[in-house]
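Chemist: Here it is, the structure, as structure tokens.
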Amino acid sequence: MRLLEEKIISDGKVVSENVLKVDSFLNHQVDPALMFEIGKEFAARFAGDGITKIVTIESSGIAPAVMAGLQMNVPVIFARKRKSLTLVDDLLTASVHSFTKKETNEISISKKYLNENDRVLIIDDFLANGQAAVALVELVHQADAEVAGIGIVIEKSFQPGGKQLRNLGYRVESLARIDSLLNGTVSFINEKSEELI
């Protein structure tokens, strides 16, 4: 997605060879116009797949997931990282470790929002080591629902998450695939040249 790649180049900050900071438009301050286009792109990529629900994780996955849900006309469910007084019974739960934040959280979704008839699109902001996506897949499976695909805004392809999910048989659609963050520079995987390899 060229618009997203351009935004990453213009507004993203390479913090290290493993960390890209995009808090000015994706995961702290949100660019609504860009999120709208991201939602349209996810809807186009998964059109005809019979998606009935979108599942994401709080908080950075919510904006792209809601925009995709708007375009696809399906509900969006977000897994909570913290328990609330109203989210206590009949929960689907899984653990997810964040390498960026160096913490492990138990995430939860109410069982009443997912069932065996659902075809689920999982959406998240980043894919690096794949821990959040794997935990969301686990929640979907606990509900006996089907994972129709995984939509990622930015994939750090030099980290193992994307490869692991694809090797497990999941369809992963990433809107921007980063090949490297070396020397403070973002370089993207060219989809056409990758097909030739």
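Residues are referred to by chain and number: the chain letter is A, B, ... according to the order shown in the structure tokens, the number counts from 1 in that chain, and ligands are numbered separately from 1 in the order shown.
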Among region 146-195 of chain A, which residues does DSSP mark as strand (DSSP E or B) when it is run on the backbone? Keep the chain and numbering as in the structure and answer as JSON, numbers by chain.
Modeler: {"A": [146, 147, 148, 149, 150, 151, 152, 153, 154, 155, 156, 172, 173, 174, 175, 176, 177, 178, 179, 180, 187, 188]}
Chemist: Can you tell me which residues surround region 95-106 of chain A at a distance of at most 10 Å, considering only C-alpha atoms, apart from same-chain residues fewer than 5 positions away, and format the answer as JSON, numbers by chain?
Modeler: {"A": [18, 19, 79, 80, 81, 82, 83, 128, 129, 130, 131, 132, 133, 134, 135, 136, 138, 139]}
Chemist: Using only C-alpha atoms, which residues of region 137-195 of chain A come within 12 Å of region 57-62 of chain A, and what is the closest atom pair for each, with the distance in Å to one decimal? Give it as JSON lines, sorted by chain and residue number.
Modeler:
{"residue": "A:Val137", "atom": "CA", "partner": "A:Ile57", "partner_atom": "CA", "distance": 11.3}
{"residue": "A:Leu139", "atom": "CA", "partner": "A:Ile57", "partner_atom": "CA", "distance": 11.0}
{"residue": "A:Ile150", "atom": "CA", "partner": "A:Gly61", "partner_atom": "CA", "distance": 12.0}
{"residue": "A:Gly151", "atom": "CA", "partner": "A:Gly61", "partner_atom": "CA", "distance": 10.2}
{"residue": "A:Ile152", "atom": "CA", "partner": "A:Gly61", "partner_atom": "CA", "distance": 9.0}
{"residue": "A:Val153", "atom": "CA", "partner": "A:Gly61", "partner_atom": "CA", "distance": 8.8}
{"residue": "A:Ile154", "atom": "CA", "partner": "A:Gly61", "partner_atom": "CA", "distance": 11.1}
Chemist: Which residue, A:Asn167, A:Ser10, A:Ser16, A:Asn27, has the smallest gap to Leu182 (chain A) when you use only C-alpha atoms?
Modeler: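 Nearest to Leu182 (chain A): A:Ser16.
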Chemist: Identify which of the residues A:Val76, A:Leu34, A:Val55, A:Val66 lies closest to Ala148 (chain A), counting only C-alpha atoms when measuring atom-to-atom distances.
Modeler: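 Using only C-alpha atoms, the shortest distance to Ala148 (chain A) belongs to A:Val55.
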Chemist: Just want the 12 Å neighbourhood of Lys21 (chain A), counted on only C-alpha atoms, with same-chain residues fewer than 3 positions away dropped. Output as a list in words.
Modeler: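 Result of the neighbour search: Lys7, Ile8, Ile9, Ser10, Asp11, Gly12, Lys13, Val14, Val15, Ser16, Glu17, Asn18, Ser24, Phe25, Leu26, Asn27, His28, Gln29, Thr100, Asp125, Phe126, Ile154, Leu181, Gly184 and Val186 of chain A.
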